[in-house]
file run-v1.txt (compact mmCIF, C-alpha atoms)
# COMPACT_ATOMS: atom_id res chain seq x y z
CA GLY J 1266 18.01 157.94 28.58
CA GLU J 1267 19.64 154.64 27.71
CA ASN J 1268 18.43 151.46 29.43
CA VAL J 1269 20.53 148.28 29.25
CA GLU J 1270 19.11 144.93 30.34
CA GLN J 1271 21.38 141.94 30.93
CA HIS J 1272 20.62 138.23 31.35
CA PRO J 1273 21.16 135.95 33.10
CA SER J 1274 22.05 137.47 36.46
CA THR J 1275 23.94 134.31 37.44
CA LEU J 1276 25.46 131.60 35.28
CA SER J 1277 27.17 128.41 36.36
CA VAL J 1278 29.04 126.32 33.80
CA GLN J 1279 31.48 123.43 33.96
CA GLU J 1280 35.07 124.01 32.98
CA GLY J 1281 35.43 123.64 29.23
CA ASP J 1282 31.83 124.53 28.47
CA SER J 1283 30.70 127.71 26.74
CA ALA J 1284 29.01 130.67 28.42
CA VAL J 1285 26.67 133.16 26.76
CA ILE J 1286 25.50 136.45 28.24
CA LYS J 1287 22.90 138.59 26.50
CA CYS J 1288 22.12 142.31 26.64
CA THR J 1289 19.51 144.57 25.10
CA TYR J 1290 19.61 148.35 24.87
CA SER J 1291 16.97 150.98 24.26
CA ASP J 1292 18.70 153.91 22.53
CA SER J 1293 18.95 153.24 18.80
CA ALA J 1294 21.65 155.93 18.59
CA SER J 1295 24.04 153.86 20.74
CA ASN J 1296 27.08 152.84 18.74
CA TYR J 1297 29.71 151.53 21.17
CA PHE J 1298 29.28 148.35 23.22
CA PRO J 1299 32.06 147.29 25.63
CA TRP J 1300 32.13 144.31 27.95
CA TYR J 1301 33.86 144.55 31.32
CA LYS J 1302 35.00 141.81 33.69
CA GLN J 1303 35.15 142.62 37.39
CA GLU J 1304 36.72 140.20 39.84
CA LEU J 1305 35.85 140.48 43.51
CA GLY J 1306 37.38 143.58 45.03
CA LYS J 1307 39.01 144.63 41.75
CA ARG J 1308 38.45 147.26 39.10
CA PRO J 1309 36.33 146.63 35.99
CA GLN J 1310 38.56 145.67 33.06
CA LEU J 1311 37.61 145.77 29.40
CA ILE J 1312 37.68 142.33 27.80
CA ILE J 1313 36.21 143.13 24.38
CA ASP J 1314 34.24 145.86 22.67
CA ILE J 1315 32.34 146.30 19.43
CA ARG J 1316 31.19 149.28 17.42
CA SER J 1317 27.98 149.57 15.48
CA ASN J 1318 29.58 149.18 12.05
CA VAL J 1319 30.63 145.62 12.91
CA GLY J 1320 28.40 142.60 13.52
CA GLU J 1321 30.88 140.30 15.23
CA LYS J 1322 34.30 140.47 16.84
CA LYS J 1323 36.47 137.70 18.23
CA ASP J 1324 39.53 137.64 20.47
CA GLN J 1325 40.80 134.13 21.24
CA ARG J 1326 38.11 132.48 23.45
CA ILE J 1327 35.92 135.56 23.61
CA ALA J 1328 33.50 136.80 20.97
CA VAL J 1329 30.82 139.47 20.84
CA THR J 1330 27.93 139.72 18.39
CA LEU J 1331 25.78 142.77 17.73
CA ASN J 1332 22.34 142.95 16.14
CA LYS J 1333 21.55 146.66 15.69
CA THR J 1334 18.10 146.03 14.25
CA ALA J 1335 17.02 144.06 17.30
CA LYS J 1336 19.14 146.23 19.64
CA HIS J 1337 20.84 143.33 21.33
CA PHE J 1338 24.40 142.11 21.76
CA SER J 1339 25.90 139.01 23.29
CA LEU J 1340 29.14 137.81 24.85
CA HIS J 1341 30.35 134.29 24.10
CA ILE J 1342 33.13 132.65 26.09
CA THR J 1343 34.31 129.26 24.85
CA GLU J 1344 36.38 126.63 26.69
CA THR J 1345 35.73 128.32 30.03
CA GLN J 1346 38.37 128.16 32.74
CA PRO J 1347 38.12 128.73 36.52
CA GLU J 1348 39.86 132.10 36.10
CA ASP J 1349 36.90 133.24 33.97
CA SER J 1350 34.80 133.31 37.16
CA ALA J 1351 33.84 136.95 37.78
CA VAL J 1352 31.04 139.45 37.27
CA TYR J 1353 30.61 140.53 33.66
CA PHE J 1354 28.98 143.84 32.70
CA CYS J 1355 27.79 144.83 29.28
CA ALA J 1356 27.48 148.53 28.48
CA ALA J 1357 26.23 150.83 25.76
CA GLU J 1358 27.31 154.32 24.81
CA GLY J 1359 25.35 156.66 22.58
CA THR J 1360 25.49 160.22 21.33
CA ALA J 1361 25.57 161.66 24.85
CA SER J 1362 28.99 160.05 25.41
CA LYS J 1363 27.58 158.42 28.48
CA LEU J 1364 28.33 154.76 29.26
CA THR J 1365 25.34 152.88 30.70
CA PHE J 1366 26.02 149.49 32.26
CA GLY J 1367 23.84 146.40 32.39
CA THR J 1368 23.02 144.88 35.76
CA GLY J 1369 25.81 142.30 35.60
CA THR J 1370 26.16 138.52 35.31
CA ARG J 1371 27.95 136.51 37.94
CA LEU J 1372 29.74 133.69 36.10
CA GLN J 1373 30.90 130.68 38.09
CA VAL J 1374 33.09 128.12 36.33
CA THR J 1375 33.17 124.86 38.25
CA LEU J 1376 35.74 122.08 37.95
CA ASP E 1036 52.42 154.35 32.55
CA THR E 1037 49.16 152.65 31.54
CA GLU E 1038 47.32 152.79 34.84
CA VAL E 1039 44.78 154.97 36.56
CA THR E 1040 45.64 155.41 40.21
CA GLN E 1041 43.34 156.45 43.04
CA THR E 1042 43.97 157.54 46.61
CA PRO E 1043 43.07 156.73 49.27
CA LYS E 1044 42.14 153.03 48.94
CA HIS E 1045 39.79 153.23 51.91
CA LEU E 1046 38.17 156.19 53.60
CA VAL E 1047 35.95 156.38 56.65
CA MET E 1048 34.35 159.74 57.34
CA GLY E 1049 31.67 161.21 59.53
CA MET E 1050 28.70 163.08 58.16
CA THR E 1051 30.20 166.44 59.13
CA ASN E 1052 33.64 165.81 57.65
CA LYS E 1053 35.18 167.21 54.48
CA LYS E 1054 37.43 164.90 52.50
CA SER E 1055 38.71 164.51 48.96
CA LEU E 1056 39.31 161.59 46.63
CA LYS E 1057 42.14 161.81 44.13
CA CYS E 1058 42.58 160.21 40.72
CA GLU E 1059 45.59 160.41 38.43
CA GLN E 1060 46.52 159.15 34.96
CA HIS E 1061 49.56 159.74 32.80
CA MET E 1062 48.32 158.22 29.56
CA GLY E 1063 47.56 161.58 27.93
CA HIS E 1064 43.84 160.89 28.12
CA ARG E 1065 41.60 163.95 27.77
CA ALA E 1066 38.41 162.49 29.29
CA MET E 1067 38.06 161.52 32.93
CA TYR E 1068 35.09 160.12 34.80
CA TRP E 1069 33.73 159.50 38.29
CA TYR E 1070 31.49 156.49 38.92
CA LYS E 1071 29.76 155.25 42.06
CA GLN E 1072 29.38 151.50 42.57
CA LYS E 1073 27.26 149.95 45.32
CA ALA E 1074 27.74 146.31 46.28
CA LYS E 1075 26.53 143.84 43.64
CA LYS E 1076 25.47 146.70 41.33
CA PRO E 1077 26.96 148.14 38.14
CA PRO E 1078 28.98 151.35 38.12
CA GLU E 1079 26.80 154.47 37.83
CA LEU E 1080 28.15 157.52 36.08
CA MET E 1081 28.44 160.67 38.20
CA PHE E 1082 30.59 163.16 36.26
CA VAL E 1083 32.47 163.43 32.98
CA TYR E 1084 35.31 165.85 32.28
CA SER E 1085 36.40 166.45 28.72
CA TYR E 1086 39.51 168.56 28.12
CA GLU E 1087 39.37 169.65 31.76
CA LYS E 1088 35.83 170.97 31.46
CA LEU E 1089 32.81 169.40 33.13
CA SER E 1090 30.69 167.99 30.32
CA ILE E 1091 28.26 165.69 32.13
CA ASN E 1092 26.80 165.93 35.64
CA GLU E 1093 24.31 163.14 36.23
CA SER E 1094 22.22 165.21 38.66
CA VAL E 1095 24.60 164.39 41.49
CA PRO E 1096 23.86 166.07 44.88
CA SER E 1097 25.98 169.14 45.58
CA ARG E 1098 27.66 167.41 48.54
CA PHE E 1099 29.82 165.83 45.81
CA SER E 1100 32.00 168.43 44.07
CA PRO E 1101 34.32 167.40 41.23
CA GLU E 1102 37.43 169.26 40.19
CA CYS E 1103 39.87 168.78 37.31
CA PRO E 1104 42.98 170.88 38.09
CA ASN E 1105 44.84 169.62 34.99
CA SER E 1106 44.61 166.98 32.30
CA SER E 1107 46.17 164.27 34.52
CA LEU E 1108 44.35 164.86 37.76
CA LEU E 1109 40.75 164.52 38.90
CA ASN E 1110 39.45 165.19 42.40
CA LEU E 1111 36.14 164.53 44.10
CA HIS E 1112 35.48 166.73 47.11
CA LEU E 1113 33.09 165.34 49.69
CA HIS E 1114 31.15 167.32 52.27
CA ALA E 1115 28.23 166.51 54.57
CA LEU E 1116 27.74 163.02 53.15
CA GLN E 1117 25.01 160.61 54.18
CA PRO E 1118 25.43 156.95 55.17
CA GLU E 1119 23.78 155.93 51.87
CA ASP E 1120 26.73 157.52 50.05
CA SER E 1121 28.90 154.66 51.27
CA ALA E 1122 30.13 152.88 48.13
CA LEU E 1123 33.13 152.19 45.91
CA TYR E 1124 34.06 155.33 43.97
CA LEU E 1125 35.74 154.53 40.68
CA CYS E 1126 37.66 156.91 38.49
CA ALA E 1127 38.18 156.19 34.80
CA SER E 1128 39.87 157.83 31.84
CA SER E 1129 39.74 157.50 28.06
CA VAL E 1130 41.53 159.00 25.06
CA GLU E 1131 38.56 161.28 24.53
CA SER E 1132 34.93 161.16 25.55
CA GLY E 1133 32.70 159.22 23.26
CA ASN E 1134 33.13 155.59 22.18
CA TYR E 1135 36.62 154.96 23.52
CA GLU E 1136 37.75 152.32 25.98
CA GLN E 1137 37.55 153.55 29.54
CA TYR E 1138 40.38 152.53 31.86
CA PHE E 1139 39.28 152.21 35.48
CA GLY E 1140 41.25 152.90 38.62
CA PRO E 1141 41.11 150.49 41.59
CA GLY E 1142 38.57 152.66 43.40
CA THR E 1143 38.22 154.22 46.83
CA ARG E 1144 35.98 152.34 49.24
CA LEU E 1145 34.12 155.02 51.18
CA THR E 1146 32.26 154.43 54.42
CA VAL E 1147 30.17 157.24 55.89
CA THR E 1148 29.39 156.86 59.58
call {"tool": "encode", "arguments": {"input": "run-v1.txt", "output": "structure tokens"}}
result
Amino acid sequence: GENVEQHPSTLSVQEGDSAVIKCTYSDSASNYFPWYKQELGKRPQLIIDIRSNVGEKKDQRIAVTLNKTAKHFSLHITETQPEDSAVYFCAAEGTASKLTFGTGTRLQVTL
Amino acid sequence: DTEVTQTPKHLVMGMTNKKSLKCEQHMGHRAMYWYKQKAKKPPELMFVYSYEKLSINESVPSRFSPECPNSSLLNLHLHALQPEDSALYLCASSVESGNYEQYFGPGTRLTVT
């Protein structure tokens, strides 16, 4: 089955700096890669997703890049704000229509 | 209505009890999911329903029994649970199964005593 690795497990940045979270996946048939943000005690919420026919996608301060050959994808957050502090999960979905999550990154944005 | 709702928010049950978790969506989605999330861990898929039929069962113990009475409603029946089953149970839905955004409910925090 699919295996998704995510790094780093924790990330602390100063407000205004950029944050980068990286994931690798094992199933070359995977073709959908969402990123979820989960604040403490809340539900996971989709912040951006990318499909395998696209190499990069951007939405305001958030961007995701995908390298299908290397089987890795990354989340980039620019101009971080305190409200960006949360746990971020990458995920990959393949032909089995099953979403497999990475282990999560706890992002702390300090003033 | 663009939300997935779940009841109850919290549930405490003994190992001999029978209880049910309920999930509802009115977005016309035809795929619904149950996930289990332990503290500081990612959600783990348990079941997938597609067009009201069970399409994926991730080898979940039979003490968890899912049910999809109609396209808007998903239940998870619980019986003879173990303390290690204590977790946050998340429901999600998507337009269809396969490469569509999944919308999560707020979850039911289950404690088994």
call {"tool": "closest_atom_pairs", "arguments": {"input": "run-v1.txt", "of": "chain J", "to": "chain E", "cutoff": "9 Å", "atoms": "only C-alpha atoms", "output": "tab-separated table"}}
result
residue	atom	partner	partner_atom	distance
J:Asn1296	CA	E:Asn1134	CA	7.5
J:Tyr1297	CA	E:Asn1134	CA	5.4
J:Phe1298	CA	E:Asn1134	CA	8.3
J:Pro1299	CA	E:Glu1136	CA	7.6
J:Gly1306	CA	E:Pro1141	CA	8.6
J:Lys1307	CA	E:Pro1141	CA	6.2
J:Arg1308	CA	E:Pro1141	CA	4.9
J:Pro1309	CA	E:Phe1139	CA	6.3
J:Gln1310	CA	E:Phe1139	CA	7.0
J:Leu1311	CA	E:Glu1136	CA	7.4
J:Asp1314	CA	E:Glu1136	CA	8.1
J:Arg1316	CA	E:Asn1134	CA	8.1
J:Val1352	CA	E:Lys1075	CA	9.0
J:Phe1354	CA	E:Pro1077	CA	7.2
J:Glu1358	CA	E:Asn1134	CA	6.5
J:Gly1359	CA	E:Gly1133	CA	7.8
J:Thr1360	CA	E:Gly1133	CA	7.5
J:Ala1361	CA	E:Gly1133	CA	7.7
J:Ser1362	CA	E:Gly1133	CA	4.4
J:Lys1363	CA	E:Gly1133	CA	7.4
J:Leu1364	CA	E:Leu1080	CA	7.4
J:Thr1365	CA	E:Glu1079	CA	7.4
J:Phe1366	CA	E:Pro1077	CA	6.1
J:Gly1367	CA	E:Pro1077	CA	6.8
J:Thr1368	CA	E:Pro1077	CA	5.6
J:Gly1369	CA	E:Pro1077	CA	6.5
call {"tool": "closest_residue", "arguments": {"input": "run-v1.txt", "among": "J:Val1269, J:Leu1376, J:Ala1328, J:Cys1288", "to": "Thr1343 of chain J", "atoms": "only C-alpha atoms"}}
result
J:Ala1328
call {"tool": "atom_distance", "arguments": {"input": "run-v1.txt", "atom1": "atom CA of Gln1117 of chain E", "atom2": "atom CA of Gly1266 of chain J"}}
result
26.7 Å
call {"tool": "residues_around", "arguments": {"input": "run-v1.txt", "residues": "Met1050 of chain E", "least_positions_apart": "4", "cutoff": "9 Å", "atoms": "all atoms listed in the file", "output": "number ranges by chain"}}
result
E: 1114-1118, 1147-1148
call {"tool": "atom_distance", "arguments": {"input": "run-v1.txt", "atom1": "atom CA of Pro1101 of chain E", "atom2": "atom CA of Glu1038 of chain E"}}
result
20.6 Å
call {"tool": "atom_distance", "arguments": {"input": "run-v1.txt", "atom1": "atom CA of Ser1055 of chain E", "atom2": "atom CA of Thr1040 of chain E"}}
result
14.4 Å
call {"tool": "residues_near_point", "arguments": {"input": "run-v1.txt", "point": "(40.9, 164.6, 39.7)", "cutoff": "10 Å", "atoms": "all atoms listed in the file", "output": "JSON, numbers by chain"}}
result
{"E": [1041, 1055, 1056, 1057, 1058, 1059, 1060, 1067, 1068, 1069, 1084, 1087, 1101, 1102, 1103, 1104, 1105, 1106, 1107, 1108, 1109, 1110, 1111, 1112, 1126]}
call {"tool": "axis_aligned_box", "arguments": {"input": "run-v1.txt", "around": "segment 1049-1058 of chain E", "padding_each_side": "3 Å", "output": "AutoDock Vina command-line options"}}
result
--center_x 35.6 --center_y 163.7 --center_z 50.1 --size_x 19.9 --size_y 13.0 --size_z 24.8
call {"tool": "decode", "arguments": {"input": "run-v1.txt", "residues": "segment 1040-1119 of chain E", "atoms": "C-alpha atoms", "output": "CSV table (one decimal), in the first residue's frame"}}
result
chain,number,residue,atom,x,y,z
E,1040,THR,CA,-22.0,17.3,11.0
E,1041,GLN,CA,-21.3,14.6,13.6
E,1042,THR,CA,-23.1,13.6,16.8
E,1043,PRO,CA,-22.3,13.2,19.6
E,1044,LYS,CA,-19.3,15.5,20.2
E,1045,HIS,CA,-18.1,13.4,23.1
E,1046,LEU,CA,-18.9,9.9,24.1
E,1047,VAL,CA,-17.8,7.8,27.1
E,1048,MET,CA,-18.7,4.2,27.0
E,1049,GLY,CA,-17.9,1.0,28.9
E,1050,MET,CA,-16.5,-2.1,27.2
E,1051,THR,CA,-19.8,-3.8,27.3
E,1052,ASN,CA,-21.9,-1.0,25.9
E,1053,LYS,CA,-23.4,-0.6,22.4
E,1054,LYS,CA,-23.4,2.9,21.0
E,1055,SER,CA,-23.6,4.6,17.6
E,1056,LEU,CA,-21.9,7.6,16.0
E,1057,LYS,CA,-23.8,9.6,13.4
E,1058,CYS,CA,-22.6,11.7,10.5
E,1059,GLU,CA,-24.7,13.8,8.1
E,1060,GLN,CA,-24.0,15.9,5.0
E,1061,HIS,CA,-26.4,17.7,2.7
E,1062,MET,CA,-24.0,18.6,-0.1
E,1063,GLY,CA,-25.1,15.8,-2.4
E,1064,HIS,CA,-21.8,14.0,-2.0
E,1065,ARG,CA,-21.9,10.3,-2.9
E,1066,ALA,CA,-18.8,9.2,-1.0
E,1067,MET,CA,-18.5,9.1,2.8
E,1068,TYR,CA,-15.7,8.0,5.0
E,1069,TRP,CA,-14.9,7.1,8.6
E,1070,TYR,CA,-11.4,7.9,10.0
E,1071,LYS,CA,-9.8,7.2,13.4
E,1072,GLN,CA,-7.4,9.7,14.7
E,1073,LYS,CA,-5.3,9.1,17.8
E,1074,ALA,CA,-3.6,12.1,19.6
E,1075,LYS,CA,-0.7,13.6,17.7
E,1076,LYS,CA,-1.2,11.2,14.8
E,1077,PRO,CA,-2.7,11.5,11.3
E,1078,PRO,CA,-6.2,10.3,10.5
E,1079,GLU,CA,-6.3,6.6,9.5
E,1080,LEU,CA,-8.9,5.4,7.1
E,1081,MET,CA,-11.4,2.9,8.4
E,1082,PHE,CA,-14.3,2.6,5.8
E,1083,VAL,CA,-15.3,4.1,2.5
E,1084,TYR,CA,-18.9,4.2,1.2
E,1085,SER,CA,-19.5,5.0,-2.4
E,1086,TYR,CA,-23.1,5.4,-3.6
E,1087,GLU,CA,-24.3,3.9,-0.3
E,1088,LYS,CA,-22.2,0.7,-0.8
E,1089,LEU,CA,-19.2,-0.2,1.3
E,1090,SER,CA,-16.2,0.0,-1.1
E,1091,ILE,CA,-13.3,-0.1,1.3
E,1092,ASN,CA,-12.9,-1.7,4.7
E,1093,GLU,CA,-9.4,-1.3,6.0
E,1094,SER,CA,-9.4,-4.6,8.0
E,1095,VAL,CA,-11.2,-2.9,10.8
E,1096,PRO,CA,-12.2,-5.2,13.8
E,1097,SER,CA,-15.9,-6.3,13.6
E,1098,ARG,CA,-16.6,-4.4,16.9
E,1099,PHE,CA,-16.9,-1.4,14.5
E,1100,SER,CA,-19.9,-1.8,12.2
E,1101,PRO,CA,-20.6,0.9,9.6
E,1102,GLU,CA,-23.9,1.6,8.0
E,1103,CYS,CA,-25.1,4.0,5.3
E,1104,PRO,CA,-28.9,4.2,5.4
E,1105,ASN,CA,-29.1,6.8,2.6
E,1106,SER,CA,-26.8,9.1,0.7
E,1107,SER,CA,-26.8,11.8,3.4
E,1108,LEU,CA,-26.3,9.7,6.5
E,1109,LEU,CA,-23.5,7.5,7.8
E,1110,ASN,CA,-23.4,5.6,11.1
E,1111,LEU,CA,-20.8,3.8,13.0
E,1112,HIS,CA,-22.1,1.2,15.4
E,1113,LEU,CA,-19.8,0.3,18.3
E,1114,HIS,CA,-19.9,-2.8,20.4
E,1115,ALA,CA,-17.6,-4.4,22.9
E,1116,LEU,CA,-14.8,-1.8,22.4
E,1117,GLN,CA,-11.4,-1.8,24.0
E,1118,PRO,CA,-9.7,1.1,25.8
E,1119,GLU,CA,-7.3,1.3,22.9
